[in-house]
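S.K.: The file below is upload.cif, mmCIF, C-alpha atoms:
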```cif
data_my_file
#
loop_
_atom_site.label_atom_id
_atom_site.label_comp_id
_atom_site.auth_asym_id
_atom_site.auth_seq_id
_atom_site.Cartn_x
_atom_site.Cartn_y
_atom_site.Cartn_z
CA MET A 1 35.58 59.10 -15.65
CA THR A 2 32.83 61.23 -14.20
CA HIS A 3 29.94 59.80 -12.26
CA GLN A 4 26.46 60.94 -13.16
CA LEU A 5 25.05 63.19 -10.44
CA ASN A 6 21.32 63.48 -9.85
CA TYR A 7 19.33 65.84 -7.68
CA VAL A 8 15.87 66.81 -6.60
CA ILE A 9 14.41 69.66 -4.56
CA PHE A 10 11.02 69.32 -2.91
CA ASN A 11 8.84 70.92 -0.28
CA THR A 12 8.13 69.44 3.17
CA ASP A 13 6.07 70.72 6.09
CA ALA A 14 9.30 72.28 7.43
CA GLY A 15 10.54 73.85 4.17
CA TRP A 16 12.37 73.05 0.93
CA VAL A 17 14.85 70.15 0.99
CA GLY A 18 17.47 69.16 -1.58
CA ILE A 19 19.03 65.77 -2.29
CA LEU A 20 22.14 65.14 -4.39
CA GLY A 21 23.28 61.64 -5.26
CA SER A 22 25.58 59.62 -7.45
CA ALA A 23 25.34 56.07 -8.77
CA ARG A 24 27.05 55.01 -5.51
CA GLY A 25 24.52 56.63 -3.16
CA LEU A 26 23.55 59.87 -1.47
CA LEU A 27 26.13 62.66 -1.48
CA ARG A 28 24.32 65.55 0.17
CA THR A 29 20.99 66.53 1.69
CA THR A 30 19.92 69.88 3.00
CA LEU A 31 17.94 70.83 6.02
CA PRO A 32 14.63 72.52 5.14
CA GLN A 33 15.03 75.99 3.66
CA PRO A 34 12.57 78.88 3.11
CA SER A 35 12.82 78.51 -0.69
CA ALA A 36 13.72 75.98 -3.37
CA ARG A 37 16.48 78.33 -4.52
CA GLU A 38 18.13 78.31 -1.07
CA ALA A 39 17.97 74.51 -0.93
CA GLN A 40 19.55 74.35 -4.38
CA GLN A 41 22.35 76.71 -3.31
CA LEU A 42 23.12 74.52 -0.28
CA LEU A 43 23.46 71.45 -2.50
CA GLY A 44 26.48 73.11 -4.06
CA ALA A 45 27.66 72.87 -7.65
CA ILE A 46 24.87 70.96 -9.37
CA ASN A 47 25.55 72.35 -12.85
CA ASP A 48 26.57 68.88 -14.04
CA ALA A 49 23.75 67.15 -12.18
CA THR A 50 20.47 65.98 -13.70
CA TRP A 51 17.06 66.64 -12.17
CA SER A 52 15.91 63.12 -11.29
CA SER A 53 12.94 63.13 -8.97
CA HIS A 54 12.04 59.53 -9.89
CA LEU A 55 15.36 58.24 -8.51
CA PHE A 56 14.62 59.66 -5.08
CA ASN A 57 10.84 59.05 -4.79
CA ASP A 58 11.05 56.78 -1.75
CA LEU A 59 13.51 59.02 0.10
CA VAL A 60 11.48 62.14 -0.70
CA GLU A 61 8.39 60.51 0.81
CA ARG A 62 10.29 59.35 3.90
CA LEU A 63 11.72 62.84 4.47
CA LYS A 64 8.25 64.35 4.12
CA VAL A 65 6.96 61.86 6.69
CA TYR A 66 9.91 62.62 9.00
CA PHE A 67 9.28 66.37 8.88
CA ARG A 68 5.59 65.72 9.65
CA GLY A 69 6.83 64.31 12.95
CA HIS A 70 6.69 60.57 12.31
CA ARG A 71 9.35 57.96 13.04
CA THR A 72 11.23 57.20 9.86
CA ALA A 73 14.26 55.10 8.96
CA PHE A 74 16.97 56.07 6.48
CA PRO A 75 18.83 52.89 5.46
CA ASP A 76 19.86 54.48 2.16
CA GLU A 77 23.17 53.82 0.44
CA LEU A 78 25.61 56.69 0.95
CA ASP A 79 28.41 57.88 -1.31
CA LEU A 80 31.01 58.91 1.24
CA SER A 81 33.89 58.83 -1.24
CA ARG A 82 34.65 62.50 -0.49
CA ALA A 83 34.99 61.85 3.26
CA THR A 84 38.00 60.77 5.29
CA ALA A 85 38.14 57.31 6.84
CA PHE A 86 37.69 58.94 10.27
CA GLN A 87 34.58 60.83 9.13
CA ARG A 88 33.08 57.66 7.62
CA GLU A 89 33.66 55.82 10.90
CA VAL A 90 32.09 58.60 13.01
CA TRP A 91 29.11 58.95 10.67
CA GLY A 92 28.61 55.18 10.61
CA VAL A 93 28.36 55.03 14.41
CA THR A 94 26.10 58.09 14.45
CA ARG A 95 23.65 56.40 12.07
CA LEU A 96 23.14 53.69 14.72
CA ILE A 97 21.74 56.08 17.34
CA PRO A 98 18.04 55.20 17.66
CA TYR A 99 15.34 57.67 16.65
CA GLY A 100 14.37 59.92 19.55
CA GLU A 101 17.51 59.17 21.56
CA THR A 102 20.80 61.01 22.03
CA ARG A 103 24.38 60.01 22.71
CA SER A 104 27.38 62.09 23.72
CA TYR A 105 30.39 63.04 21.64
CA ALA A 106 32.43 60.99 24.14
CA TRP A 107 30.19 57.96 23.51
CA VAL A 108 30.83 58.22 19.76
CA ALA A 109 34.59 58.52 20.38
CA GLU A 110 34.47 55.40 22.58
CA GLN A 111 32.52 53.47 19.93
CA ILE A 112 35.24 54.12 17.36
CA LYS A 113 37.86 53.11 19.95
CA GLN A 114 39.37 56.60 20.12
CA PRO A 115 38.20 57.96 23.50
CA GLY A 116 40.54 60.94 23.27
CA ALA A 117 39.06 62.09 19.96
CA VAL A 118 35.98 63.89 21.32
CA ARG A 119 36.80 67.18 19.57
CA ALA A 120 37.66 65.40 16.34
CA VAL A 121 34.29 63.63 16.54
CA GLY A 122 32.59 67.02 16.84
CA GLN A 123 34.53 68.31 13.84
CA ALA A 124 33.60 65.26 11.76
CA LEU A 125 29.94 65.68 12.68
CA GLY A 126 30.17 69.36 11.72
CA ARG A 127 31.19 68.28 8.21
CA ASN A 128 28.30 65.83 7.81
CA PRO A 129 26.86 66.42 4.31
CA LEU A 130 23.75 64.36 5.02
CA PRO A 131 21.82 65.89 7.94
CA VAL A 132 18.90 63.76 9.16
CA ILE A 133 20.15 60.77 7.10
CA VAL A 134 23.33 60.71 9.20
CA SER A 135 21.69 61.71 12.46
CA CYS A 136 24.42 63.95 13.90
CA HIS A 137 21.72 66.04 15.60
CA ARG A 138 21.38 63.13 18.08
CA VAL A 139 24.90 63.75 19.43
CA VAL A 140 25.05 66.12 22.40
CA ALA A 141 27.59 67.14 25.05
CA SER A 142 28.14 64.80 28.00
CA ASP A 143 26.37 67.28 30.28
CA GLY A 144 23.29 67.30 28.04
CA ARG A 145 23.97 70.64 26.33
CA LEU A 146 23.24 70.64 22.62
CA GLY A 147 26.75 71.32 21.39
CA GLY A 148 27.30 72.46 17.84
CA PHE A 149 25.41 71.60 14.68
CA SER A 150 26.18 72.45 11.07
CA GLY A 151 22.60 73.67 10.60
CA GLY A 152 22.72 75.73 13.79
CA ARG A 153 21.49 75.02 17.30
CA LYS A 154 17.91 76.03 16.45
CA TRP A 155 17.71 73.24 13.88
CA LYS A 156 19.34 70.75 16.25
CA SER A 157 16.82 71.62 18.94
CA TYR A 158 13.96 71.44 16.41
CA LEU A 159 14.97 67.96 15.20
CA LEU A 160 15.47 66.60 18.72
CA ASN A 161 12.11 68.01 19.84
CA LEU A 162 10.39 66.62 16.72
CA GLU A 163 11.71 63.15 17.49
CA ALA A 164 11.04 63.38 21.23
CA ALA A 165 7.41 64.36 20.57
CA THR A 166 6.99 61.36 18.28
CA VAL A 167 8.44 59.02 20.89
CA ARG A 168 6.17 60.50 23.60
CA ASP A 169 3.12 60.18 21.34
CA CYS A 170 3.98 56.54 20.57
CA HIS A 171 3.93 55.73 24.27
CA VAL A 172 0.53 57.36 24.62
CA LEU A 173 -0.93 55.87 21.45
CA HIS A 174 0.52 52.38 21.93
CA PRO A 175 0.48 51.42 25.61
CA SER A 176 1.97 48.08 26.56
CA PRO A 177 -0.45 45.13 26.71
CA LYS A 178 -2.11 44.43 30.05
CA GLY A 179 -0.08 42.30 32.36
CA GLU A 180 3.26 43.52 30.96
CA GLY A 181 5.09 46.20 32.70
#
```
Would you write the structure of this file as structure tokens?

M.R.:
Amino acid sequence: MTHQLNYVIFNTDAGWVGILGSARGLLRTTLPQPSAREAQQLLGAINDATWSSHLFNDLVERLKVYFRGHRTAFPDELDLSRATAFQREVWGVTRLIPYGETRSYAWVAEQIKQPGAVRAVGQALGRNPLPVIVSCHRVVASDGRLGGFSGGRKWKSYLLNLEAATVRDCHVLHPSPKGEG
């Protein structure tokens, strides 16, 4: 039995993004690309997929807001049926890292109760098919260096800076009430 696949490609302030999903949830997203064609190529084999922009309306809007530099949540259902149990565990922990914050590869390994699996954590994050949704860009080396990223270090730096700027702006725009400190 085959599951119906659906996809959409849309433009954001940062470039063209693609989303591929099944009835179970999201399968793949792309980082912004210079063209719709490049985003489509990164989604992979979508020959059997149906263009379904209406299925992804809310997520499309949230990704547009995110790439405009605003805090956004991605509680979407994921279809991780193509992932290993280890990858699902690593990605699940990574989704819990708050917007604008980072954690180390070692921290992720500790959270999954496998402190010796730091390299394996990095490899699992490198296979993340859902960048931004599964926020692997928020995982850095213990010494603060960026470490690797499937989209490249420039994208990792861009995403971290985008989130950090939003967090800084929130502190400026929304100071704590008088008397609290």

S.K.: Counting all atoms listed in the file, which residues sit no farther than 8 Å from the position (16.8, 74.2, -4.7) in the file's frame? I'd like them as a PDB file with C-alpha atoms, in the coordinates of the input.

M.R.:
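Resulting contents of out_30.pdb:
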```pdb
ATOM      1  CA  VAL A   8      15.870  66.810  -6.600  1.00  0.00           C
ATOM      2  CA  ILE A   9      14.410  69.660  -4.560  1.00  0.00           C
ATOM      3  CA  PHE A  10      11.020  69.320  -2.910  1.00  0.00           C
ATOM      4  CA  TRP A  16      12.370  73.050   0.930  1.00  0.00           C
ATOM      5  CA  VAL A  17      14.850  70.150   0.990  1.00  0.00           C
ATOM      6  CA  GLY A  18      17.470  69.160  -1.580  1.00  0.00           C
ATOM      7  CA  SER A  35      12.820  78.510  -0.690  1.00  0.00           C
ATOM      8  CA  ALA A  36      13.720  75.980  -3.370  1.00  0.00           C
ATOM      9  CA  ARG A  37      16.480  78.330  -4.520  1.00  0.00           C
ATOM     10  CA  GLU A  38      18.130  78.310  -1.070  1.00  0.00           C
ATOM     11  CA  ALA A  39      17.970  74.510  -0.930  1.00  0.00           C
ATOM     12  CA  GLN A  40      19.550  74.350  -4.380  1.00  0.00           C
ATOM     13  CA  GLN A  41      22.350  76.710  -3.310  1.00  0.00           C
ATOM     14  CA  LEU A  42      23.120  74.520  -0.280  1.00  0.00           C
ATOM     15  CA  LEU A  43      23.460  71.450  -2.500  1.00  0.00           C
TER      16      LEU A  43
END
```

S.K.: Which residues match the PyMOL selection byres ((chain A and resi 106) around 10) in the file above, as number ranges by chain?

M.R.: A: 103-105, 107-111, 114-119, 121-122, 139-142

S.K.: Figure out the distance between CA of Leu63 in chain A and CA of Pro129 in chain A, please, to one decimal in Å.

M.R.: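 If I compute the distance from CA of Pro129 in chain A to CA of Leu63 in chain A, I get 15.6 Å.
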
S.K.: What is the CA of Ser135 in chain A to CA of Ala23 in chain A distance in Å?

M.R.: 22.3 Å

S.K.: What residues come out when you apply the PyMOL selection byres ((chain A and resi 160) around 9) to this file, written as a count of residues only?

M.R.: 15

S.K.: (33.0, 61.3, 13.1) in this file's frame - what residues fall within 6 Å of it? Use all atoms listed in the file and give the answer as an MDAnalysis selection string.

M.R.: chainID A and resid 86:87 89:91 121 124:125

S.K.: Mind giving me the straight-line distance from CA of Arg68 in chain A to CA of Gly15 in chain A in Å, one decimal?

M.R.: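 Separation of CA of Arg68 in chain A and CA of Gly15 in chain A: 11.0 Å.
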
S.K.: Counting all atoms listed in the file, which residue out of A:Ile112, A:Ala83, A:Leu5, A:Ala73 sits closest to Glu61 in chain A?

M.R.: A:Ala73

S.K.: Considering all atoms listed in the file, state which residue in the set A:Tyr99, A:Thr30, A:Asn11, A:Arg153 is at the smallest distance from Gly69 in chain A.

M.R.: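 The answer is A:Tyr99, which sits nearest to Gly69 in chain A.
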
S.K.: Would you kindly return, as number ranges by chain, each protein, DNA or RNA residue with an atom no farther than 9 Å from any atom of Ala49 in chain A, considering all atoms listed in the file and excluding same-chain residues fewer than 5 positions away?

M.R.: A: 4-7, 20-21
